[in-house]
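J.: My structure is in protein.tsv, and what it holds is TSV, C-alpha atoms:
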chain	number	residue	atom	x	y	z
C	1	MET	CA	8.53	-40.42	-24.61
C	2	LYS	CA	11.06	-43.26	-24.45
C	3	TYR	CA	8.66	-45.40	-26.46
C	4	GLN	CA	8.55	-42.76	-29.21
C	5	ARG	CA	12.37	-42.55	-29.28
C	6	VAL	CA	12.57	-46.29	-29.67
C	7	LEU	CA	10.12	-46.14	-32.58
C	8	ILE	CA	12.15	-43.38	-34.25
C	9	ILE	CA	15.39	-45.34	-33.86
C	10	ILE	CA	13.74	-48.45	-35.30
C	11	ALA	CA	12.39	-46.42	-38.22
C	12	PHE	CA	15.86	-45.05	-39.00
C	13	CYS	CA	17.34	-48.54	-38.82
C	14	VAL	CA	14.70	-49.91	-41.19
C	15	LEU	CA	15.34	-47.03	-43.59
C	16	ALA	CA	19.09	-47.62	-43.52
C	17	VAL	CA	18.64	-51.35	-44.17
C	18	SER	CA	16.21	-50.62	-47.00
C	19	GLN	CA	18.63	-48.17	-48.63
C	20	ALA	CA	21.48	-50.68	-48.36
C	21	ALA	CA	19.30	-53.39	-49.87
C	22	GLY	CA	18.29	-51.02	-52.65
C	23	ALA	CA	21.93	-50.21	-53.43
C	24	LEU	CA	22.76	-53.92	-53.51
C	25	ALA	CA	19.87	-54.63	-55.85
C	26	GLN	CA	21.04	-51.82	-58.11
C	27	SER	CA	24.60	-53.14	-58.31
C	28	SER	CA	23.29	-56.61	-59.22
C	29	GLN	CA	20.72	-55.31	-61.72
C	30	SER	CA	21.00	-56.53	-65.29
C	31	ILE	CA	21.44	-53.63	-67.71
C	32	GLY	CA	22.30	-55.61	-70.84
C	33	ASN	CA	23.77	-58.79	-72.29
C	34	VAL	CA	26.98	-60.14	-73.77
C	35	THR	CA	26.30	-60.71	-77.47
C	36	ALA	CA	29.82	-61.80	-78.49
C	37	VAL	CA	32.95	-62.92	-76.67
C	38	GLN	CA	36.18	-64.11	-78.24
C	39	ARG	CA	39.01	-65.72	-76.33
C	40	GLN	CA	39.75	-64.81	-72.71
C	41	VAL	CA	37.64	-62.06	-71.14
C	42	GLU	CA	37.19	-61.56	-67.39
C	43	VAL	CA	34.63	-59.67	-65.32
C	44	ILE	CA	34.44	-58.52	-61.72
C	45	HIS	CA	30.94	-58.00	-60.31
C	46	SER	CA	30.75	-55.34	-57.62
C	47	ASP	CA	28.68	-57.54	-55.29
C	48	VAL	CA	30.67	-60.77	-55.83
C	49	SER	CA	34.23	-61.43	-54.73
C	50	GLY	CA	36.73	-62.78	-57.23
C	51	VAL	CA	37.11	-62.77	-61.00
C	52	SER	CA	34.77	-64.62	-63.36
C	53	THR	CA	35.11	-65.65	-66.98
C	54	VAL	CA	32.70	-63.88	-69.33
C	55	ASN	CA	30.33	-66.20	-71.18
C	56	LEU	CA	28.22	-65.56	-74.24
C	57	GLY	CA	24.69	-64.50	-73.29
C	58	SER	CA	25.52	-63.58	-69.70
C	59	SER	CA	24.01	-60.47	-68.14
C	60	VAL	CA	25.82	-57.15	-67.97
C	61	LEU	CA	25.48	-55.80	-64.44
C	62	PHE	CA	25.73	-52.28	-63.15
C	63	LYS	CA	29.29	-51.50	-61.97
C	64	ASP	CA	30.76	-54.50	-63.80
C	65	SER	CA	34.49	-54.27	-64.56
C	66	TYR	CA	35.66	-56.01	-67.74
C	67	GLU	CA	39.13	-56.94	-68.95
C	68	THR	CA	39.92	-58.42	-72.35
C	69	LYS	CA	43.19	-60.32	-72.61
C	70	SER	CA	45.55	-60.50	-75.58
C	71	GLN	CA	43.69	-60.96	-78.90
C	72	ALA	CA	40.35	-61.10	-77.05
C	73	ARG	CA	37.20	-59.16	-77.97
C	74	LEU	CA	33.86	-58.46	-76.30
C	75	LYS	CA	30.53	-56.93	-77.34
C	76	LEU	CA	27.93	-55.63	-74.89
C	77	LEU	CA	24.34	-54.71	-75.77
C	78	PHE	CA	22.60	-52.40	-73.29
C	79	GLU	CA	18.87	-52.08	-72.60
C	80	ASP	CA	18.71	-48.77	-74.48
C	81	ASP	CA	20.16	-50.53	-77.58
C	82	SER	CA	23.59	-48.91	-77.16
C	83	ILE	CA	26.50	-51.18	-78.06
C	84	LEU	CA	30.06	-51.33	-76.74
C	85	SER	CA	32.71	-53.36	-78.59
C	86	LEU	CA	35.96	-53.85	-76.68
C	87	GLY	CA	39.30	-54.51	-78.35
C	88	GLU	CA	42.12	-56.56	-76.88
C	89	ASN	CA	43.91	-55.60	-73.63
C	90	THR	CA	41.06	-53.31	-72.61
C	91	LYS	CA	40.00	-52.53	-69.05
C	92	LEU	CA	36.77	-50.66	-68.35
C	93	GLN	CA	34.04	-50.29	-65.74
C	94	ILE	CA	30.41	-49.21	-66.01
C	95	THR	CA	30.35	-46.47	-63.37
C	96	GLU	CA	26.91	-44.94	-64.03
C	97	ASN	CA	23.74	-46.28	-65.59
C	98	ILE	CA	20.29	-44.74	-65.37
C	99	TYR	CA	17.68	-45.81	-67.90
C	100	ASN	CA	14.10	-44.54	-67.79
C	101	PRO	CA	12.51	-44.71	-71.25
C	102	ALA	CA	9.20	-43.38	-69.92
C	103	GLN	CA	10.97	-40.12	-69.03
C	104	SER	CA	13.27	-40.20	-72.09
C	105	GLN	CA	16.21	-40.44	-69.72
C	106	ARG	CA	19.46	-42.34	-70.15
C	107	SER	CA	22.66	-41.55	-68.27
C	108	THR	CA	25.61	-43.87	-68.85
C	109	VAL	CA	29.26	-43.35	-67.95
C	110	VAL	CA	31.98	-45.88	-68.81
C	111	ASN	CA	35.46	-45.54	-67.34
C	112	MET	CA	38.16	-47.06	-69.61
C	113	LEU	CA	41.59	-47.39	-68.03
C	114	GLN	CA	43.32	-48.72	-71.13
C	115	GLY	CA	42.68	-50.27	-74.52
C	116	SER	CA	40.09	-49.44	-77.18
C	117	VAL	CA	36.31	-49.39	-77.33
C	118	ARG	CA	33.81	-48.68	-80.09
C	119	ALA	CA	30.43	-47.26	-79.04
C	120	LEU	CA	27.23	-47.13	-81.06
C	121	ILE	CA	24.66	-44.75	-79.59
C	122	GLY	CA	21.53	-45.34	-81.60
C	123	LYS	CA	19.05	-43.26	-79.61
C	124	ILE	CA	19.04	-39.69	-78.32
C	125	PHE	CA	17.32	-39.11	-74.98
C	126	GLY	CA	16.08	-35.62	-74.14
C	127	GLY	CA	15.26	-36.17	-70.47
C	128	PRO	CA	17.07	-34.20	-67.73
C	129	GLY	CA	20.66	-35.32	-67.14
C	130	SER	CA	20.71	-37.65	-70.15
C	131	LYS	CA	24.19	-38.44	-71.46
C	132	PHE	CA	26.51	-41.17	-72.72
C	133	GLU	CA	30.16	-40.66	-71.86
C	134	ILE	CA	33.41	-42.61	-72.01
C	135	HIS	CA	36.13	-41.48	-69.62
C	136	THR	CA	39.83	-42.34	-69.74
C	137	PRO	CA	42.75	-41.22	-67.53
C	138	THR	CA	43.09	-38.10	-69.71
C	139	ALA	CA	39.82	-37.53	-71.58
C	140	ALA	CA	36.03	-37.35	-71.42
C	141	ALA	CA	34.09	-38.09	-74.63
C	142	ALA	CA	30.36	-37.34	-74.68
C	143	ALA	CA	28.33	-38.74	-77.57
C	144	ARG	CA	25.31	-37.08	-79.08
C	145	GLY	CA	23.64	-39.90	-80.96
C	146	THR	CA	26.53	-41.20	-83.02
C	147	TYR	CA	29.15	-43.91	-83.54
C	148	PHE	CA	32.68	-43.38	-82.20
C	149	ILE	CA	35.90	-45.05	-81.05
C	150	VAL	CA	38.03	-44.21	-78.02
C	151	TRP	CA	41.53	-45.62	-77.54
C	152	THR	CA	44.53	-45.08	-75.33
C	153	THR	CA	48.20	-45.32	-76.23
C	154	ASN	CA	51.46	-45.14	-74.33
C	155	ALA	CA	54.03	-42.66	-75.57
C	156	GLY	CA	56.69	-40.67	-73.71
C	157	GLY	CA	55.59	-41.92	-70.32
C	158	GLN	CA	52.14	-40.40	-70.75
C	159	ASP	CA	48.83	-41.91	-71.75
C	160	PRO	CA	47.25	-39.86	-74.53
C	161	THR	CA	43.70	-40.69	-75.53
C	162	GLY	CA	42.38	-40.70	-79.07
C	163	VAL	CA	38.74	-40.18	-80.03
C	164	VAL	CA	37.30	-40.46	-83.55
C	165	ASN	CA	33.71	-39.91	-84.68
C	166	ILE	CA	32.83	-42.49	-87.33
C	167	GLY	CA	29.10	-41.75	-87.42
C	168	GLU	CA	27.61	-39.95	-90.40
C	169	THR	CA	25.34	-37.96	-88.10
C	170	GLY	CA	25.73	-36.63	-84.57
C	171	LYS	CA	28.69	-35.13	-82.75
C	172	VAL	CA	31.19	-36.18	-80.09
C	173	ALA	CA	32.22	-33.54	-77.56
C	174	VAL	CA	35.71	-34.13	-76.14
C	175	SER	CA	37.51	-32.45	-73.24
C	176	ASN	CA	40.28	-33.19	-70.79
C	177	ILE	CA	39.14	-35.31	-67.85
C	178	ASP	CA	40.48	-32.60	-65.54
C	179	PRO	CA	37.80	-29.87	-65.43
C	180	ALA	CA	40.47	-27.32	-64.48
C	181	ILE	CA	41.93	-27.66	-68.00
C	182	GLY	CA	39.84	-25.55	-70.31
C	183	GLY	CA	39.14	-26.18	-73.95
C	184	SER	CA	36.91	-28.72	-75.65
C	185	VAL	CA	36.26	-29.77	-79.24
C	186	GLU	CA	33.38	-31.22	-81.23
C	187	LEU	CA	34.13	-33.97	-83.71
C	188	GLY	CA	32.21	-34.35	-86.94
C	189	HIS	CA	32.19	-37.32	-89.31
C	190	ASN	CA	35.64	-39.00	-89.58
C	191	GLN	CA	37.33	-36.37	-87.40
C	192	TYR	CA	39.57	-37.25	-84.47
C	193	THR	CA	41.48	-35.61	-81.64
C	194	LEU	CA	44.18	-36.57	-79.15
C	195	ILE	CA	44.21	-35.60	-75.48
C	196	ASP	CA	47.45	-35.63	-73.50
C	197	GLU	CA	47.75	-35.37	-69.75
C	198	GLY	CA	47.38	-31.77	-68.61
C	199	LYS	CA	46.50	-30.48	-72.10
C	200	PRO	CA	43.29	-29.65	-73.97
C	201	PRO	CA	42.28	-31.78	-76.96
C	202	THR	CA	44.10	-31.16	-80.23
C	203	PRO	CA	42.04	-29.41	-82.93
C	204	PRO	CA	39.75	-31.78	-84.90
C	205	SER	CA	41.55	-33.37	-87.83
C	206	GLY	CA	40.48	-35.65	-90.66
C	207	ILE	CA	41.59	-39.22	-90.07
C	208	SER	CA	43.41	-41.19	-92.76
C	209	PRO	CA	41.56	-44.19	-94.27
C	210	ASP	CA	44.30	-46.61	-93.16
C	211	MET	CA	44.26	-45.43	-89.56
C	212	LEU	CA	40.46	-45.47	-89.47
C	213	GLN	CA	40.30	-49.01	-90.84
C	214	SER	CA	42.84	-50.21	-88.28
C	215	LEU	CA	40.80	-48.70	-85.45
C	216	ILE	CA	37.64	-50.33	-86.77
C	217	ASN	CA	39.42	-53.68	-87.12
C	218	SER	CA	40.88	-53.42	-83.63
C	219	THR	CA	37.39	-53.15	-82.12
C	220	GLY	CA	35.61	-55.48	-84.53
C	221	VAL	CA	33.72	-58.47	-83.13
C	222	LYS	CA	31.02	-60.57	-84.75
C	223	ASP	CA	27.71	-61.28	-83.04
C	224	GLN	CA	27.27	-64.92	-82.11
C	225	ALA	CA	24.16	-67.06	-81.83
C	226	ILE	CA	24.09	-68.90	-78.51
C	227	ASP	CA	22.41	-72.03	-79.85
C	228	GLU	CA	25.02	-72.36	-82.63
C	229	ILE	CA	28.06	-72.60	-80.36
C	230	PRO	CA	29.00	-76.09	-79.12
C	231	LYS	CA	30.19	-76.23	-75.53
C	232	GLY	CA	33.87	-75.37	-75.33
C	233	MET	CA	34.05	-74.18	-78.93
C	234	GLU	CA	34.33	-70.70	-80.36
C	235	ALA	CA	31.92	-69.51	-83.03
C	236	PRO	CA	33.08	-69.86	-86.65
C	237	GLY	CA	35.13	-66.88	-87.67
C	238	SER	CA	35.71	-65.75	-84.08
C	239	ASP	CA	39.46	-66.39	-84.11
C	240	VAL	CA	41.51	-63.22	-83.85
C	241	SER	CA	44.79	-62.89	-85.70
C	242	GLY	CA	47.93	-61.72	-83.96
C	243	VAL	CA	48.94	-59.62	-86.95
C	244	LEU	CA	49.55	-56.00	-85.94
C	245	ILE	CA	49.68	-52.77	-87.87
C	246	SER	CA	52.03	-50.19	-86.38
C	247	PHE	CA	51.84	-46.46	-87.01
C	248	PRO	CA	55.26	-44.89	-86.28
C	249	PRO	CA	55.28	-41.66	-84.26
C	250	GLY	CA	54.64	-38.71	-86.53
C	251	GLN	CA	51.92	-36.81	-88.25
C	252	ILE	CA	48.90	-38.39	-89.91
C	253	ASN	CA	46.67	-35.74	-91.44
C	254	GLY	CA	47.88	-33.26	-88.86
C	255	GLY	CA	47.45	-35.50	-85.80
C	256	TYR	CA	50.10	-37.23	-83.67
C	257	THR	CA	49.67	-41.00	-83.65
C	258	GLY	CA	51.86	-41.60	-80.61
C	259	GLY	CA	53.15	-44.87	-82.03
C	260	LEU	CA	49.69	-46.43	-81.99
C	261	ILE	CA	49.73	-50.21	-82.47
C	262	LEU	CA	46.48	-51.88	-83.38
C	263	PRO	CA	45.54	-55.52	-84.09
C	264	THR	CA	43.72	-56.42	-87.29
C	265	VAL	CA	41.25	-59.12	-88.22
C	266	PRO	CA	42.12	-60.38	-91.72
C	267	PRO	CA	39.31	-61.59	-93.99
C	268	ILE	CA	38.46	-65.27	-93.64
C	269	PRO	CA	39.34	-66.98	-96.96
C	270	GLN	CA	36.46	-68.66	-98.74
C	271	GLN	CA	36.98	-72.41	-98.91
C	272	PRO	CA	36.79	-73.81	-102.49
C	273	GLY	CA	33.84	-76.05	-103.17
C	274	ALA	CA	34.35	-79.78	-103.69
C	275	ALA	CA	34.69	-80.92	-107.31
C	276	GLY	CA	31.50	-82.49	-108.65
C	277	THR	CA	31.13	-85.89	-110.34
C	278	PRO	CA	29.21	-85.96	-113.67
C	279	VAL	CA	26.02	-88.03	-113.51
C	280	THR	CA	24.00	-89.21	-116.53
C	281	VAL	CA	20.26	-89.53	-115.98
C	282	ILE	CA	18.23	-91.65	-118.48
C	283	THR	CA	14.47	-91.28	-118.37
C	284	HIS	CA	12.06	-93.64	-120.21
C	285	PHE	CA	8.60	-92.40	-121.10
C	286	PRO	CA	5.78	-94.86	-121.90
C	287	GLY	CA	5.41	-95.45	-125.63
C	288	GLY	CA	8.67	-93.69	-126.34
Take the structure from the file and write it as structure tokens.

T.:
Amino acid sequence: MKYQRVLIIIAFCVLAVSQAAGALAQSSQSIGNVTAVQRQVEVIHSDVSGVSTVNLGSSVLFKDSYETKSQARLKLLFEDDSILSLGENTKLQITENIYNPAQSQRSTVVNMLQGSVRALIGKIFGGPGSKFEIHTPTAAAAARGTYFIVWTTNAGGQDPTGVVNIGETGKVAVSNIDPAIGGSVELGHNQYTLIDEGKPPTPPSGISPDMLQSLINSTGVKDQAIDEIPKGMEAPGSDVSGVLISFPPGQINGGYTGGLILPTVPPIPQQPGAAGTPVTVITHFPGG
């Protein structure tokens, strides 16, 4: 009898150790790659102490926490071909990631504390529990196979969240992060909403071209080829300007901007070609 108890205790211990090892392997599992990084970006891995600098081509791990500094940008490509582009001064963590293409299942949740992020969701998965959501301190945005931007501002001591659907197909469902606050909206092409603390999302409104372009610019980052970047050098065109466009508090197409300030990336001027030198070529043919 005692021998059986000992075996049971050992079995439970082995199971506990196996589960812990499985959880550790999951937190260190690669779920994507960094395809572009500009200026200073930091990452905290859940199973490693301390802060690391993000490098081009490095793996994206489950439960990674990223922070882009001033004028920095970052682009992440996930295994399911979803893409996240982070603007400057952005903090986010990958809090949930389940990917099982054989079962048509993908469940991803990203928690953004501040900043701006553009998400491209190229595939729709019909498996049970499939979703792709971005959460902020005030909002939850769930994509249904589309292209959208989420940003946070700071106005009146609160942190309203903005969400705009820039995809030509698909919808974005938006609600307050607090499930006790009823009301949700669906955003169609070029529609946006704002979500304040303790309030439901504002009704969908058409976004102005200037505001849309500024949001796109603020989350724009060019892909970089690893073998084209010399050590210690940024890729050509990766510099980010400090020029800002400011939208004063007020109404833009029926929506409150909250004093949104967004960085822009100006076009890179084309360098003029070098002046040529005329050359005279004299050709002699036999018998000529």

J.: Nearest to Gly182 of chain C among C:Gly170, C:Gly32, C:Gly220, C:Pro201, with distances taken over only C-alpha atoms: which residue is it?

T.: C:Pro201

J.: So, counting only C-alpha atoms, which residue among C:Ser52, C:Thr219, C:Ser175, C:Ser59 is closest to Leu77 of chain C?

T.: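 Looking at the shortest contact to Leu77 of chain C, the residue is C:Ser59.
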
J.: Can you work out which one of C:Val51, C:Val172, C:Val43, C:Val185 has the shortest atom-to-atom distance to Ser65 of chain C, counting only C-alpha atoms?

T.: C:Val43

J.: Using Å and a single decimal, report how far atom CA of Gly129 of chain C sits from atom CA of Leu74 of chain C.

T.: 28.2 Å

J.: Interatomic distance between atom CA of Gln213 of chain C and atom CA of Met112 of chain C?

T.: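 We find that atom CA of Gln213 of chain C and atom CA of Met112 of chain C lie 21.4 Å from each other.
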
J.: Quick one: everything within 10 Å of Gly87 of chain C, counting only C-alpha atoms, minus sequence neighbours fewer than 4 positions away in the same chain. Send it as a list in words.

T.: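 Listing them by chain and then by number gives Glu67, Thr68, Lys69, Ser70, Gln71, Ala72, Arg73, Leu74, Lys75, Lys91, Gly115, Ser116, Val117, Arg118, Trp151, Leu215, Ile216, Asn217, Ser218, Thr219, Gly220, Val221, Leu262 and Pro263 of chain C.
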
J.: Could you give me the axis-aligned bounding box of segment 56-74 of chain C, with 4 Å of padding per side, as centre plus edge lengths in Å to one decimal, as AutoDock Vina command-line options?

T.:
--center_x 34.8 --center_y -58.5 --center_z -70.4 --size_x 29.5 --size_y 22.1 --size_z 24.9

J.: Skipping near chain neighbours, those fewer than 5 positions away, what residues fall within 12 Å of Lys199 of chain C using all atoms listed in the file, listed as a list in words?

T.: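 Those residues are Thr138, Ala139, Gln158, Asp159, Pro160, Thr161, Ser175, Asn176, Ile177, Asp178, Pro179, Ala180, Ile181, Gly182, Gly183, Ser184, Thr193 and Leu194 of chain C.
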
J.: Using only C-alpha atoms, what residues lie at most 7 Å away from (33.2, -36.3, -73.7) (file coordinates), given as a PyMOL selection string?

T.: chain C and resi 133-134+140-143+172-175

J.: Just to confirm, what's the straight-line distance from atom CA of Ile207 of chain C to atom CA of Val110 of chain C in Å (one decimal)?

T.: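 According to the coordinates, atom CA of Ile207 of chain C and atom CA of Val110 of chain C are separated by 24.3 Å.
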